[in-house]
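Visitor: final20.cif is the file, holding mmCIF, C-alpha atoms and all ligand atoms:
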data_structure
#
loop_
_atom_site.group_PDB
_atom_site.id
_atom_site.type_symbol
_atom_site.label_atom_id
_atom_site.label_comp_id
_atom_site.auth_asym_id
_atom_site.auth_seq_id
_atom_site.Cartn_x
_atom_site.Cartn_y
_atom_site.Cartn_z
ATOM 1 C CA MET A 1 -19.197 11.785 10.070
ATOM 2 C CA VAL A 2 -17.398 8.634 8.841
ATOM 3 C CA LYS A 3 -16.327 6.401 11.723
ATOM 4 C CA ALA A 4 -13.097 4.508 11.002
ATOM 5 C CA VAL A 5 -11.605 1.416 12.590
ATOM 6 C CA VAL A 6 -7.815 1.506 12.184
ATOM 7 C CA THR A 7 -5.833 -1.734 12.356
ATOM 8 C CA GLY A 8 -2.072 -1.901 12.838
ATOM 9 C CA ALA A 9 -2.603 1.088 15.128
ATOM 10 C CA GLY A 10 0.799 0.660 16.787
ATOM 11 C CA GLY A 11 2.643 0.502 13.464
ATOM 12 C CA ARG A 12 4.350 3.210 11.402
ATOM 13 C CA MET A 13 1.396 3.781 9.066
ATOM 14 C CA GLY A 14 -1.388 3.125 11.577
ATOM 15 C CA GLY A 15 0.118 5.741 13.883
ATOM 16 C CA ARG A 16 0.319 8.424 11.193
ATOM 17 C CA ILE A 17 -3.244 7.716 10.019
ATOM 18 C CA ILE A 18 -4.640 8.087 13.549
ATOM 19 C CA SER A 19 -2.594 11.235 14.201
ATOM 20 C CA LEU A 20 -3.652 12.937 10.947
ATOM 21 C CA MET A 21 -7.284 11.921 11.448
ATOM 22 C CA GLU A 22 -7.406 14.223 14.491
ATOM 23 C CA ALA A 23 -7.183 17.306 12.279
ATOM 24 C CA GLU A 24 -9.305 15.920 9.436
ATOM 25 C CA GLU A 25 -12.950 16.927 9.020
ATOM 26 C CA GLY A 26 -15.660 14.357 8.282
ATOM 27 C CA ILE A 27 -13.873 11.331 9.733
ATOM 28 C CA ASP A 28 -13.294 10.129 13.265
ATOM 29 C CA LEU A 29 -11.595 7.203 14.959
ATOM 30 C CA ALA A 30 -14.106 4.564 16.099
ATOM 31 C CA ALA A 31 -11.636 1.892 17.228
ATOM 32 C CA ALA A 32 -7.947 1.006 17.039
ATOM 33 C CA VAL A 33 -6.684 -2.558 16.715
ATOM 34 C CA GLU A 34 -3.328 -4.241 17.154
ATOM 35 C CA ARG A 35 -2.013 -7.770 17.159
ATOM 36 C CA GLY A 36 -3.098 -9.709 20.300
ATOM 37 C CA ASP A 37 0.347 -9.839 21.925
ATOM 38 C CA HIS A 38 1.259 -6.187 21.182
ATOM 39 C CA PRO A 39 2.426 -4.181 24.246
ATOM 40 C CA ALA A 40 0.048 -1.323 23.299
ATOM 41 C CA ILE A 41 -3.135 -3.394 23.870
ATOM 42 C CA GLY A 42 -5.396 -1.693 26.418
ATOM 43 C CA ARG A 43 -3.533 1.626 26.315
ATOM 44 C CA ASP A 44 -5.130 4.818 25.045
ATOM 45 C CA VAL A 45 -4.252 5.196 21.381
ATOM 46 C CA SER A 46 -3.452 8.901 21.615
ATOM 47 C CA GLU A 47 -1.209 8.314 24.613
ATOM 48 C CA ILE A 48 0.847 5.895 22.498
ATOM 49 C CA LEU A 49 1.141 8.558 19.796
ATOM 50 C CA GLY A 50 1.996 11.318 22.259
ATOM 51 C CA LEU A 51 -1.287 13.166 21.708
ATOM 52 C CA GLY A 52 -2.709 12.899 25.229
ATOM 53 C CA LYS A 53 -5.727 10.756 26.210
ATOM 54 C CA ARG A 54 -8.701 10.435 23.853
ATOM 55 C CA GLY A 55 -10.654 7.587 25.341
ATOM 56 C CA VAL A 56 -9.983 5.071 22.558
ATOM 57 C CA ALA A 57 -8.143 2.045 23.924
ATOM 58 C CA ILE A 58 -6.206 -0.230 21.569
ATOM 59 C CA GLU A 59 -8.014 -3.551 21.160
ATOM 60 C CA SER A 60 -6.839 -6.922 19.948
ATOM 61 C CA ASP A 61 -9.872 -8.353 18.145
ATOM 62 C CA PHE A 62 -10.814 -6.768 14.823
ATOM 63 C CA SER A 63 -13.902 -8.969 14.477
ATOM 64 C CA ASP A 64 -15.179 -7.500 17.767
ATOM 65 C CA CYS A 65 -14.889 -3.832 16.785
ATOM 66 C CA VAL A 66 -15.345 -3.752 12.992
ATOM 67 C CA SER A 67 -19.098 -3.291 13.406
ATOM 68 C CA ARG A 68 -18.499 -0.058 15.369
ATOM 69 C CA GLY A 69 -17.102 1.660 12.268
ATOM 70 C CA ASP A 70 -18.389 2.650 8.840
ATOM 71 C CA VAL A 71 -15.053 1.645 7.301
ATOM 72 C CA ALA A 72 -11.847 -0.168 8.260
ATOM 73 C CA ILE A 73 -8.387 1.125 7.345
ATOM 74 C CA ASP A 74 -5.791 -1.630 7.417
ATOM 75 C CA PHE A 75 -2.004 -1.296 7.131
ATOM 76 C CA THR A 76 -0.781 -4.497 8.800
ATOM 77 C CA SER A 77 0.521 -7.383 6.702
ATOM 78 C CA HIS A 78 -0.751 -9.350 3.726
ATOM 79 C CA ALA A 79 -2.046 -12.200 5.909
ATOM 80 C CA ALA A 80 -3.678 -9.964 8.554
ATOM 81 C CA SER A 81 -5.324 -7.722 5.943
ATOM 82 C CA LEU A 82 -6.848 -10.706 4.162
ATOM 83 C CA GLN A 83 -8.176 -12.121 7.436
ATOM 84 C CA ASN A 84 -9.586 -8.696 8.348
ATOM 85 C CA LEU A 85 -11.271 -8.383 4.953
ATOM 86 C CA ARG A 86 -13.007 -11.727 5.594
ATOM 87 C CA PHE A 87 -14.380 -10.264 8.863
ATOM 88 C CA ALA A 88 -15.322 -6.982 7.160
ATOM 89 C CA VAL A 89 -17.347 -8.935 4.593
ATOM 90 C CA GLN A 90 -19.147 -10.822 7.383
ATOM 91 C CA HIS A 91 -20.164 -7.436 8.854
ATOM 92 C CA GLY A 92 -20.827 -5.766 5.485
ATOM 93 C CA LYS A 93 -18.185 -3.057 6.080
ATOM 94 C CA PRO A 94 -16.103 -1.276 3.412
ATOM 95 C CA MET A 95 -12.347 -1.481 3.723
ATOM 96 C CA VAL A 96 -9.191 0.378 2.709
ATOM 97 C CA ILE A 97 -6.143 -1.894 2.508
ATOM 98 C CA GLY A 98 -2.622 -0.502 2.206
ATOM 99 C CA SER A 99 -0.674 -3.651 3.026
ATOM 100 C CA THR A 100 1.600 -5.094 0.354
ATOM 101 C CA GLY A 101 3.158 -8.477 -0.387
ATOM 102 C CA PHE A 102 0.011 -10.425 -1.366
ATOM 103 C CA SER A 103 0.522 -13.708 -3.247
ATOM 104 C CA PRO A 104 -1.436 -14.291 -6.485
ATOM 105 C CA GLU A 105 -3.725 -16.677 -4.541
ATOM 106 C CA GLU A 106 -4.369 -14.035 -1.869
ATOM 107 C CA MET A 107 -5.105 -11.467 -4.578
ATOM 108 C CA GLU A 108 -7.667 -13.830 -6.079
ATOM 109 C CA GLU A 109 -9.420 -14.194 -2.728
ATOM 110 C CA ILE A 110 -9.419 -10.402 -2.216
ATOM 111 C CA LEU A 111 -11.024 -9.925 -5.623
ATOM 112 C CA ASP A 112 -13.638 -12.486 -4.707
ATOM 113 C CA LEU A 113 -14.350 -10.977 -1.263
ATOM 114 C CA ALA A 114 -14.578 -7.469 -2.705
ATOM 115 C CA GLY A 115 -17.624 -8.639 -4.623
ATOM 116 C CA ASN A 116 -19.459 -8.261 -1.286
ATOM 117 C CA VAL A 117 -18.147 -4.928 0.079
ATOM 118 C CA PRO A 118 -16.442 -1.910 -1.484
ATOM 119 C CA CYS A 119 -12.682 -2.255 -0.977
ATOM 120 C CA VAL A 120 -9.816 0.047 -1.942
ATOM 121 C CA LEU A 121 -6.540 -1.855 -2.277
ATOM 122 C CA ALA A 122 -3.484 0.148 -3.290
ATOM 123 C CA PRO A 123 0.226 -0.453 -2.685
ATOM 124 C CA ASN A 124 0.853 3.277 -2.593
ATOM 125 C CA MET A 125 -1.679 5.904 -1.516
ATOM 126 C CA SER A 126 0.349 9.020 -2.356
ATOM 127 C CA VAL A 127 -0.914 11.316 -5.090
ATOM 128 C CA GLY A 128 2.562 11.591 -6.635
ATOM 129 C CA VAL A 129 3.036 7.852 -7.125
ATOM 130 C CA ASN A 130 -0.446 7.459 -8.560
ATOM 131 C CA VAL A 131 0.265 10.181 -11.117
ATOM 132 C CA LEU A 132 3.568 8.424 -11.835
ATOM 133 C CA PHE A 133 1.675 5.169 -12.529
ATOM 134 C CA LYS A 134 -0.101 6.983 -15.368
ATOM 135 C CA VAL A 135 3.040 8.687 -16.634
ATOM 136 C CA ILE A 136 5.113 5.500 -16.871
ATOM 137 C CA ARG A 137 2.375 3.770 -18.878
ATOM 138 C CA THR A 138 2.391 6.608 -21.391
ATOM 139 C CA VAL A 139 6.194 6.755 -21.532
ATOM 140 C CA ALA A 140 6.448 2.982 -22.027
ATOM 141 C CA GLU A 141 3.871 3.106 -24.830
ATOM 142 C CA ILE A 142 5.769 5.932 -26.571
ATOM 143 C CA LEU A 143 9.281 4.460 -26.189
ATOM 144 C CA GLY A 144 8.212 0.885 -26.902
ATOM 145 C CA ASP A 145 10.795 -1.896 -27.217
ATOM 146 C CA ASP A 146 13.729 0.398 -28.023
ATOM 147 C CA TYR A 147 14.438 1.281 -24.403
ATOM 148 C CA ASP A 148 15.589 -1.049 -21.607
ATOM 149 C CA VAL A 149 13.363 -0.814 -18.549
ATOM 150 C CA GLU A 150 14.762 -0.977 -15.008
ATOM 151 C CA ILE A 151 12.805 -0.269 -11.817
ATOM 152 C CA LEU A 152 14.703 0.548 -8.650
ATOM 153 C CA GLU A 153 13.110 0.791 -5.203
ATOM 154 C CA ALA A 154 14.688 1.777 -1.889
ATOM 155 C CA HIS A 155 13.103 1.440 1.557
ATOM 156 C CA HIS A 156 13.946 1.340 5.264
ATOM 157 C CA HIS A 157 15.590 -1.751 6.746
ATOM 158 C CA LEU A 158 12.430 -2.759 8.660
ATOM 159 C CA LYS A 159 10.373 -3.382 5.512
ATOM 160 C CA LYS A 160 9.370 -7.037 5.270
ATOM 161 C CA ASP A 161 8.395 -7.547 1.615
ATOM 162 C CA ALA A 162 10.468 -7.147 -1.540
ATOM 163 C CA PRO A 163 10.206 -5.808 -4.109
ATOM 164 C CA SER A 164 7.839 -3.147 -2.807
ATOM 165 C CA GLY A 165 4.187 -3.362 -3.803
ATOM 166 C CA THR A 166 4.663 -0.078 -5.667
ATOM 167 C CA ALA A 167 7.598 -1.417 -7.698
ATOM 168 C CA MET A 168 5.603 -4.541 -8.575
ATOM 169 C CA LYS A 169 2.650 -2.434 -9.703
ATOM 170 C CA MET A 170 4.994 -0.306 -11.841
ATOM 171 C CA ALA A 171 6.432 -3.479 -13.390
ATOM 172 C CA HIS A 172 2.929 -4.777 -14.178
ATOM 173 C CA ILE A 173 1.892 -1.459 -15.740
ATOM 174 C CA ILE A 174 4.978 -1.339 -17.976
ATOM 175 C CA ALA A 175 4.750 -5.023 -18.931
ATOM 176 C CA GLU A 176 1.125 -4.490 -19.943
ATOM 177 C CA ALA A 177 1.946 -1.338 -21.901
ATOM 178 C CA LEU A 178 4.677 -3.208 -23.784
ATOM 179 C CA GLY A 179 2.625 -6.379 -24.325
ATOM 180 C CA ARG A 180 4.953 -8.540 -22.199
ATOM 181 C CA ASP A 181 4.266 -11.199 -19.565
ATOM 182 C CA LEU A 182 5.952 -10.071 -16.329
ATOM 183 C CA ASP A 183 6.312 -13.696 -15.171
ATOM 184 C CA GLU A 184 8.543 -14.249 -18.218
ATOM 185 C CA VAL A 185 10.495 -10.977 -18.392
ATOM 186 C CA GLY A 186 10.770 -9.830 -14.749
ATOM 187 C CA ILE A 187 14.365 -10.063 -13.446
ATOM 188 C CA TYR A 188 14.837 -9.568 -9.709
ATOM 189 C CA GLU A 189 18.598 -10.177 -9.311
ATOM 190 C CA ARG A 190 21.739 -10.436 -11.413
ATOM 191 C CA LYS A 191 25.043 -12.057 -10.520
ATOM 192 C CA GLY A 192 27.895 -13.778 -12.351
ATOM 193 C CA LEU A 193 28.365 -14.251 -16.092
ATOM 194 C CA ILE A 194 24.890 -13.186 -17.038
ATOM 195 C CA GLY A 195 25.635 -12.300 -20.690
ATOM 196 C CA GLU A 196 24.101 -9.478 -22.669
ATOM 197 C CA ARG A 197 20.867 -8.007 -21.406
ATOM 198 C CA PRO A 198 17.879 -9.435 -23.284
ATOM 199 C CA ARG A 199 15.969 -6.487 -24.750
ATOM 200 C CA ARG A 200 12.608 -7.452 -23.288
ATOM 201 C CA GLU A 201 13.755 -7.869 -19.676
ATOM 202 C CA ILE A 202 12.140 -5.683 -17.031
ATOM 203 C CA GLY A 203 14.580 -5.383 -14.124
ATOM 204 C CA ILE A 204 13.190 -4.807 -10.623
ATOM 205 C CA GLN A 205 15.904 -4.084 -8.081
ATOM 206 C CA THR A 206 15.594 -3.655 -4.315
ATOM 207 C CA LEU A 207 17.642 -1.592 -1.867
ATOM 208 C CA ARG A 208 17.121 -1.657 1.918
ATOM 209 C CA ALA A 209 18.906 0.850 4.150
ATOM 210 C CA GLY A 210 18.313 2.814 7.343
ATOM 211 C CA ASP A 211 15.145 4.886 7.503
ATOM 212 C CA ILE A 212 14.459 5.533 3.798
ATOM 213 C CA VAL A 213 10.693 6.149 3.675
ATOM 214 C CA GLY A 214 10.214 5.014 0.079
ATOM 215 C CA GLU A 215 11.853 5.825 -3.250
ATOM 216 C CA HIS A 216 10.993 4.521 -6.697
ATOM 217 C CA THR A 217 12.886 5.109 -9.931
ATOM 218 C CA VAL A 218 11.789 3.934 -13.358
ATOM 219 C CA LEU A 219 14.645 4.061 -15.837
ATOM 220 C CA PHE A 220 14.166 3.824 -19.597
ATOM 221 C CA GLY A 221 17.635 3.373 -21.121
ATOM 222 C CA ALA A 222 18.769 3.469 -24.746
ATOM 223 C CA VAL A 223 22.159 3.944 -26.430
ATOM 224 C CA GLY A 224 23.051 7.613 -25.995
ATOM 225 C CA GLU A 225 20.423 8.588 -23.420
ATOM 226 C CA ARG A 226 18.268 7.505 -20.530
ATOM 227 C CA LEU A 227 15.067 8.844 -19.049
ATOM 228 C CA GLU A 228 14.565 8.467 -15.281
ATOM 229 C CA LEU A 229 11.279 9.115 -13.487
ATOM 230 C CA ILE A 230 11.677 9.309 -9.728
ATOM 231 C CA HIS A 231 9.304 9.546 -6.775
ATOM 232 C CA ARG A 232 10.694 10.155 -3.291
ATOM 233 C CA ALA A 233 8.473 10.083 -0.204
ATOM 234 C CA HIS A 234 9.771 12.508 2.435
ATOM 235 C CA SER A 235 7.492 11.169 5.165
ATOM 236 C CA ARG A 236 4.591 8.715 5.559
ATOM 237 C CA ASP A 237 2.051 11.550 5.682
ATOM 238 C CA ASN A 238 1.177 11.418 1.985
ATOM 239 C CA PHE A 239 0.359 7.721 2.270
ATOM 240 C CA ALA A 240 -1.689 8.366 5.429
ATOM 241 C CA LYS A 241 -3.597 11.292 3.868
ATOM 242 C CA GLY A 242 -4.347 9.093 0.848
ATOM 243 C CA ALA A 243 -5.700 6.352 3.121
ATOM 244 C CA ILE A 244 -8.003 8.814 4.910
ATOM 245 C CA ARG A 245 -9.206 10.181 1.572
ATOM 246 C CA ALA A 246 -9.850 6.624 0.365
ATOM 247 C CA ALA A 247 -11.818 5.813 3.538
ATOM 248 C CA LYS A 248 -14.150 8.795 3.029
ATOM 249 C CA TRP A 249 -14.568 7.843 -0.635
ATOM 250 C CA VAL A 250 -15.111 4.096 -0.286
ATOM 251 C CA VAL A 251 -18.122 4.383 2.055
ATOM 252 C CA GLU A 252 -20.060 5.912 -0.866
ATOM 253 C CA GLN A 253 -19.212 3.130 -3.339
ATOM 254 C CA LYS A 254 -20.873 -0.080 -4.473
ATOM 255 C CA PRO A 255 -19.183 -3.407 -3.653
ATOM 256 C CA GLY A 256 -16.098 -4.062 -5.775
ATOM 257 C CA LEU A 257 -12.327 -3.776 -5.798
ATOM 258 C CA TYR A 258 -10.967 -0.256 -6.330
ATOM 259 C CA ASP A 259 -7.557 1.381 -6.200
ATOM 260 C CA MET A 260 -6.245 4.917 -5.751
ATOM 261 C CA GLN A 261 -6.722 5.666 -9.445
ATOM 262 C CA ASP A 262 -10.454 5.419 -8.715
ATOM 263 C CA VAL A 263 -10.255 7.440 -5.490
ATOM 264 C CA LEU A 264 -8.252 10.231 -7.141
ATOM 265 C CA GLY A 265 -10.315 10.222 -10.346
ATOM 266 C CA LEU A 266 -7.250 9.321 -12.435
ATOM 267 C CA ARG A 267 -8.720 6.312 -14.224
ATOM 268 C CA THR A 268 -9.245 6.851 -17.958
HETATM 269 N N1 LIG B 1 -0.231 1.571 0.501
HETATM 270 C C1 LIG B 1 0.636 2.466 0.988
HETATM 271 O O1 LIG B 1 0.595 3.668 0.659
HETATM 272 C C2 LIG B 1 1.661 2.002 1.976
HETATM 273 C C3 LIG B 1 1.712 0.697 2.285
HETATM 274 N N2 LIG B 1 2.543 0.252 3.279
HETATM 275 C C4 LIG B 1 2.417 -1.155 3.648
HETATM 276 O O2 LIG B 1 1.645 -1.205 4.850
HETATM 277 C C5 LIG B 1 2.048 -2.320 5.646
HETATM 278 C C6 LIG B 1 2.407 -1.838 7.044
HETATM 279 O O3 LIG B 1 3.527 -0.974 6.958
HETATM 280 P P1 LIG B 1 4.123 -0.291 8.272
HETATM 281 O O4 LIG B 1 3.092 0.511 8.969
HETATM 282 O O5 LIG B 1 5.385 0.364 7.852
HETATM 283 O O6 LIG B 1 4.487 -1.597 9.128
HETATM 284 P P2 LIG B 1 4.556 -1.760 10.716
HETATM 285 O O7 LIG B 1 5.197 -3.079 10.951
HETATM 286 O O8 LIG B 1 5.141 -0.538 11.333
HETATM 287 O O9 LIG B 1 3.018 -1.800 11.121
HETATM 288 C C7 LIG B 1 2.178 -2.887 10.968
HETATM 289 C C8 LIG B 1 1.466 -3.064 12.263
HETATM 290 O O10 LIG B 1 0.431 -4.013 12.116
HETATM 291 C C9 LIG B 1 0.502 -4.879 13.217
HETATM 292 N N3 LIG B 1 -0.159 -6.138 12.959
HETATM 293 C C10 LIG B 1 0.325 -7.266 12.403
HETATM 294 N N4 LIG B 1 -0.631 -8.200 12.354
HETATM 295 C C11 LIG B 1 -1.738 -7.651 12.887
HETATM 296 C C12 LIG B 1 -3.058 -8.128 13.134
HETATM 297 N N5 LIG B 1 -3.408 -9.372 12.818
HETATM 298 N N6 LIG B 1 -3.954 -7.292 13.704
HETATM 299 C C13 LIG B 1 -3.615 -6.054 14.050
HETATM 300 N N7 LIG B 1 -2.373 -5.546 13.865
HETATM 301 C C14 LIG B 1 -1.455 -6.356 13.293
HETATM 302 C C15 LIG B 1 1.975 -5.023 13.499
HETATM 303 O O11 LIG B 1 2.213 -5.556 14.774
HETATM 304 P P3 LIG B 1 3.619 -6.337 15.049
HETATM 305 O O12 LIG B 1 4.677 -5.289 14.932
HETATM 306 O O13 LIG B 1 3.433 -6.879 16.418
HETATM 307 O O14 LIG B 1 3.727 -7.375 13.975
HETATM 308 C C16 LIG B 1 2.408 -3.584 13.361
HETATM 309 O O15 LIG B 1 2.204 -2.849 14.540
HETATM 310 C C17 LIG B 1 3.196 -2.978 4.887
HETATM 311 O O16 LIG B 1 2.684 -4.040 4.114
HETATM 312 C C18 LIG B 1 3.706 -1.865 3.968
HETATM 313 O O17 LIG B 1 4.329 -2.342 2.809
HETATM 314 C C19 LIG B 1 3.368 1.117 3.945
HETATM 315 C C20 LIG B 1 3.383 2.431 3.634
HETATM 316 C C21 LIG B 1 2.537 2.994 2.606
HETATM 317 O O1 LIG B 2 6.682 -0.572 3.598
HETATM 318 C C1 LIG B 2 6.748 0.637 3.313
HETATM 319 O O2 LIG B 2 7.293 1.470 4.050
HETATM 320 C C2 LIG B 2 6.142 1.083 2.052
HETATM 321 N N1 LIG B 2 5.488 0.198 1.347
HETATM 322 C C3 LIG B 2 4.764 0.436 0.166
HETATM 323 C C4 LIG B 2 5.187 -0.515 -0.935
HETATM 324 O O3 LIG B 2 5.546 -1.676 -0.645
HETATM 325 O O4 LIG B 2 5.131 -0.139 -2.107
HETATM 326 C C5 LIG B 2 4.676 1.873 -0.239
HETATM 327 C C6 LIG B 2 5.721 2.800 0.277
HETATM 328 O O5 LIG B 2 6.745 2.947 -0.647
HETATM 329 C C7 LIG B 2 6.214 2.500 1.667
#
Turn the structure described in the file into structure tokens.

Guide:
Amino acid sequence: MVKAVVTGAGGRMGGRIISLMEAEEGIDLAAAVERGDHPAIGRDVSEILGLGKRGVAIESDFSDCVSRGDVAIDFTSHAASLQNLRFAVQHGKPMVIGSTGFSPEEMEEILDLAGNVPCVLAPNMSVGVNVLFKVIRTVAEILGDDYDVEILEAHHHLKKDAPSGTAMKMAHIIAEALGRDLDEVGIYERKGLIGERPRREIGIQTLRAGDIVGEHTVLFGAVGERLELIHRAHSRDNFAKGAIRAAKWVVEQKPGLYDMQDVLGLRT
């Protein structure tokens, strides 16, 4: 039985992960963690989620409880996940990180830390999006420079980072497939007399509205036609199931940084 410590337990993703873990074989909740000043601290985690009492109280100090688990699952924020990974390394514990919005410097530190423990880091843990990552690489390679590339993402109005981690990963995949440097060709907003669209631009556009769970469109446009590849998440359960699957997988791995392509066996 894999024992998991879940951080961000009072959040949208943390809550779904804990709820779905109840019905999942081979994994159990060892501890649940929230930010120190969160109103849920000290309350039974299942009570918060409307599941009745389970005898796991929400705690505030990850460094205190990480050693009670075989793996930590963290959907909090870029800063909290990095801090938690530092603690996980101190205790030699594998980690699954779903948070997004890491800076290049933070990514460098994660890569460095993951040299000590196995770590899955993925901006999107759904099977559908991870298949789409492969598909858009192939499509970009086939269509090449003849098609304009635009990525459109839409999320709920509570999301803190933009563009989404998924949209940024899509942009990186396509830039790599087309031999372009995303720092040079990525365009995140347009306004005013912008002139004709440079052919090599990769547009990444963000929408925020209501309770949209997560939608990503990759548009390849030419004169006379366009190809659109769309993923729509209907709930957070696919992300949560992916995180649980990653947690069971990562405990068997050697130290290193992995993503969902590795977990799902999609890497070629
Ligand atoms: N990889 C994937 O498949 C997915 C990734 N995400 C990403 O996961 C992250 C979380 O998303 P979501 O659940 O919607 O966000 P929420 O804001 O609902 O949840 C995050 C939770 O983490 C808590 N938190 C913040 N800092 C700490 C800390 N230091 N220790 C413990 N808990 C802390 C927050 O508390 P407080 O509210 O008090 O700040 C909050 O309860 C985001 O970065 C999002 O982009 C989301 C969905 C899928
Ligand atoms: O914050 C969210 O909600 C989501 N974040 C992830 C991202 O930034 O890509 C994945 C998902 O679309 C939901």

Visitor: Evaluate the PyMOL selection byres (((not hetatm)) within 6 of (chain B and resi 2)) on the structure here and hand back the selected residues as an NGL selection string.

Guide: :A and (100 or 123-124 or 159 or 164-166 or 213-214)

Visitor: Report as a ChimeraX atom specification the residues that result from applying the PyMOL selection byres (((chain A and resi 229) around 9) and not hetatm) to the structure here.

Guide: /A:132,135-136,216-220,227-228,230-231

Visitor: Write out as a ChimeraX atom specification which residues come within 12 Å of A:His234 when counting only C-alpha atoms, dropping same-chain ones fewer than 2 positions away.

Guide: /A:126,128,155,211-215,231-232,236-239

Visitor: Could you state which residues are captured by the PyMOL selection byres (((chain A and resi 14) around 12) and not hetatm) in this file, as a PyMOL selection string?

Guide: chain A and resi 4-13+15-21+29+31-34+45-46+48-49+58+72-77+97-99+236-237+239-241+243-244

Visitor: Hey, can you spit out that residue selection with C-alpha atoms as a PDB file, keeping the file's coordinate frame?

Guide:
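To be explicit, this is the file written out as selection.pdb:
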ATOM      1  CA  ALA A   4     -13.097   4.508  11.002  1.00  0.00           C
ATOM      2  CA  VAL A   5     -11.605   1.416  12.590  1.00  0.00           C
ATOM      3  CA  VAL A   6      -7.815   1.506  12.184  1.00  0.00           C
ATOM      4  CA  THR A   7      -5.833  -1.734  12.356  1.00  0.00           C
ATOM      5  CA  GLY A   8      -2.072  -1.901  12.838  1.00  0.00           C
ATOM      6  CA  ALA A   9      -2.603   1.088  15.128  1.00  0.00           C
ATOM      7  CA  GLY A  10       0.799   0.660  16.787  1.00  0.00           C
ATOM      8  CA  GLY A  11       2.643   0.502  13.464  1.00  0.00           C
ATOM      9  CA  ARG A  12       4.350   3.210  11.402  1.00  0.00           C
ATOM     10  CA  MET A  13       1.396   3.781   9.066  1.00  0.00           C
ATOM     11  CA  GLY A  15       0.118   5.741  13.883  1.00  0.00           C
ATOM     12  CA  ARG A  16       0.319   8.424  11.193  1.00  0.00           C
ATOM     13  CA  ILE A  17      -3.244   7.716  10.019  1.00  0.00           C
ATOM     14  CA  ILE A  18      -4.640   8.087  13.549  1.00  0.00           C
ATOM     15  CA  SER A  19      -2.594  11.235  14.201  1.00  0.00           C
ATOM     16  CA  LEU A  20      -3.652  12.937  10.947  1.00  0.00           C
ATOM     17  CA  MET A  21      -7.284  11.921  11.448  1.00  0.00           C
ATOM     18  CA  LEU A  29     -11.595   7.203  14.959  1.00  0.00           C
ATOM     19  CA  ALA A  31     -11.636   1.892  17.228  1.00  0.00           C
ATOM     20  CA  ALA A  32      -7.947   1.006  17.039  1.00  0.00           C
ATOM     21  CA  VAL A  33      -6.684  -2.558  16.715  1.00  0.00           C
ATOM     22  CA  GLU A  34      -3.328  -4.241  17.154  1.00  0.00           C
ATOM     23  CA  VAL A  45      -4.252   5.196  21.381  1.00  0.00           C
ATOM     24  CA  SER A  46      -3.452   8.901  21.615  1.00  0.00           C
ATOM     25  CA  ILE A  48       0.847   5.895  22.498  1.00  0.00           C
ATOM     26  CA  LEU A  49       1.141   8.558  19.796  1.00  0.00           C
ATOM     27  CA  ILE A  58      -6.206  -0.230  21.569  1.00  0.00           C
ATOM     28  CA  ALA A  72     -11.847  -0.168   8.260  1.00  0.00           C
ATOM     29  CA  ILE A  73      -8.387   1.125   7.345  1.00  0.00           C
ATOM     30  CA  ASP A  74      -5.791  -1.630   7.417  1.00  0.00           C
ATOM     31  CA  PHE A  75      -2.004  -1.296   7.131  1.00  0.00           C
ATOM     32  CA  THR A  76      -0.781  -4.497   8.800  1.00  0.00           C
ATOM     33  CA  SER A  77       0.521  -7.383   6.702  1.00  0.00           C
ATOM     34  CA  ILE A  97      -6.143  -1.894   2.508  1.00  0.00           C
ATOM     35  CA  GLY A  98      -2.622  -0.502   2.206  1.00  0.00           C
ATOM     36  CA  SER A  99      -0.674  -3.651   3.026  1.00  0.00           C
ATOM     37  CA  ARG A 236       4.591   8.715   5.559  1.00  0.00           C
ATOM     38  CA  ASP A 237       2.051  11.550   5.682  1.00  0.00           C
ATOM     39  CA  PHE A 239       0.359   7.721   2.270  1.00  0.00           C
ATOM     40  CA  ALA A 240      -1.689   8.366   5.429  1.00  0.00           C
ATOM     41  CA  LYS A 241      -3.597  11.292   3.868  1.00  0.00           C
ATOM     42  CA  ALA A 243      -5.700   6.352   3.121  1.00  0.00           C
ATOM     43  CA  ILE A 244      -8.003   8.814   4.910  1.00  0.00           C
TER      44      ILE A 244
END

Visitor: Between atom CA of A:Leu85 and atom CA of A:Val56, what is the spacing in Å?

Guide: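 According to the coordinates, atom CA of A:Val56 and atom CA of A:Leu85 are separated by 22.2 Å.
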
Visitor: Write out N, CA and C atoms for stretch 72-78 of chain A, as an mmCIF file, in the frame of the given file.

Guide:
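And here is the file that came out, part-v3.cif:
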data_model
loop_
_atom_site.group_PDB
_atom_site.id
_atom_site.type_symbol
_atom_site.label_atom_id
_atom_site.label_comp_id
_atom_site.auth_asym_id
_atom_site.auth_seq_id
_atom_site.Cartn_x
_atom_site.Cartn_y
_atom_site.Cartn_z
ATOM 1 N N ALA A 72 -13.096 0.237 7.596
ATOM 2 C CA ALA A 72 -11.847 -0.168 8.260
ATOM 3 C C ALA A 72 -10.660 0.256 7.396
ATOM 4 N N ILE A 73 -9.630 0.762 8.056
ATOM 5 C CA ILE A 73 -8.387 1.125 7.345
ATOM 6 C C ILE A 73 -7.294 0.207 7.880
ATOM 7 N N ASP A 74 -6.680 -0.554 6.978
ATOM 8 C CA ASP A 74 -5.791 -1.630 7.417
ATOM 9 C C ASP A 74 -4.409 -1.530 6.752
ATOM 10 N N PHE A 75 -3.409 -1.223 7.557
ATOM 11 C CA PHE A 75 -2.004 -1.296 7.131
ATOM 12 C C PHE A 75 -1.322 -2.228 8.127
ATOM 13 N N THR A 76 -1.383 -3.526 7.879
ATOM 14 C CA THR A 76 -0.781 -4.497 8.800
ATOM 15 C C THR A 76 0.202 -5.369 8.035
ATOM 16 N N SER A 77 -0.290 -6.490 7.524
ATOM 17 C CA SER A 77 0.521 -7.383 6.702
ATOM 18 C C SER A 77 -0.437 -8.058 5.723
ATOM 19 N N HIS A 78 0.125 -8.712 4.719
ATOM 20 C CA HIS A 78 -0.751 -9.350 3.726
ATOM 21 C C HIS A 78 -1.719 -10.336 4.383
#
